[in-house]
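In what follows, a structure is listed as structure tokens, so that the remarks can point back to it.
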Amino acid sequence: MKKRFFTGLVLVCMSILPTMAQWGRPVDYSAGPGLKDAYKDYFTIGVAVNKTNISDPAQTAIIKKQFNSVTAENAWKPGEIHPKEGVWNFGLADSIANFCRENGIKMRGHCLCWHSQFADWMFTDKNLCLGRGQRGHGRRRPSVRVRQR
């Protein structure tokens with residue numbers, strides 16, 4: 001019984017050691033074909049990005065080499081684009097879209113309406129009558145507008 005246990009333990013250790021030898025070695029992402037190229041006949045390979053990912057040259061090199069589809073993490077969420085009533089901020093969303101255009105990468109929308117990433121003003125209605133002729137901030141459903149270029 002003990003002999004079987006130790007034999008099994010030795011086999012497990014022998015199978016783990018080669019994997020552990022790879023830890024700590026730098027990975028050369030530029031070597032060989034990218035994932036997008038290896039699977040081009042089957043499906044697209046995507047990645048979620050934010051401002052940092054498209055600003056850092058090391059990260060943009062990985063994105064360009066490995067991926068052919070990008071999803072903007074939070075840049076397209078209503079709270080980011082429309083933070084206050086009458087205020088629109090497409091700066092970050094446009095920078096990600098421009099990165100995709102410049103590099104021939106498809107861009108996908110990601111959960112454009114998310115319960116915790118709306119702006120607070122979208123859930124209030126200053127014209128809603130609260131009773132007895134008073135007007136105040138009542139709750140309302142958010143409305144989302146789509147910008148087209």
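Identifiers in this document derive from the order of the structure tokens: chains are assigned A, B, ..., residues are numbered from 1 separately in each chain, and ligands are numbered from 1 in order of occurrence.
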What lies within 7 Å of segment 52-66 of chain A using only C-alpha atoms, ignoring chain neighbours under 2 positions off, as a list of chain:residue names?
A:Tyr29, A:Gly34, A:Leu35, A:Lys36, A:Val49, A:Asn50
Quick one: write out the picked residues with N, CA and C atoms as a compact mmCIF listing (two decimals), in the first residue's frame?
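Just written: part28.txt:
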```
# COMPACT_ATOMS: atom_id res chain seq x y z
N TYR A 29 5.86 37.09 -26.92
CA TYR A 29 4.56 37.07 -27.59
C TYR A 29 4.67 37.31 -29.09
N GLY A 34 0.10 34.57 -34.24
CA GLY A 34 -0.79 34.97 -33.16
C GLY A 34 -1.99 34.05 -33.09
N LEU A 35 -2.72 34.11 -32.00
CA LEU A 35 -3.93 33.30 -31.86
C LEU A 35 -4.93 33.61 -32.98
N LYS A 36 -5.05 34.89 -33.33
CA LYS A 36 -5.99 35.28 -34.38
C LYS A 36 -5.64 34.63 -35.71
N VAL A 49 -10.62 45.56 -23.52
CA VAL A 49 -9.57 46.56 -23.31
C VAL A 49 -10.10 47.79 -22.60
N ASN A 50 -9.18 48.54 -22.02
CA ASN A 50 -9.48 49.83 -21.42
C ASN A 50 -8.43 50.83 -21.90
```
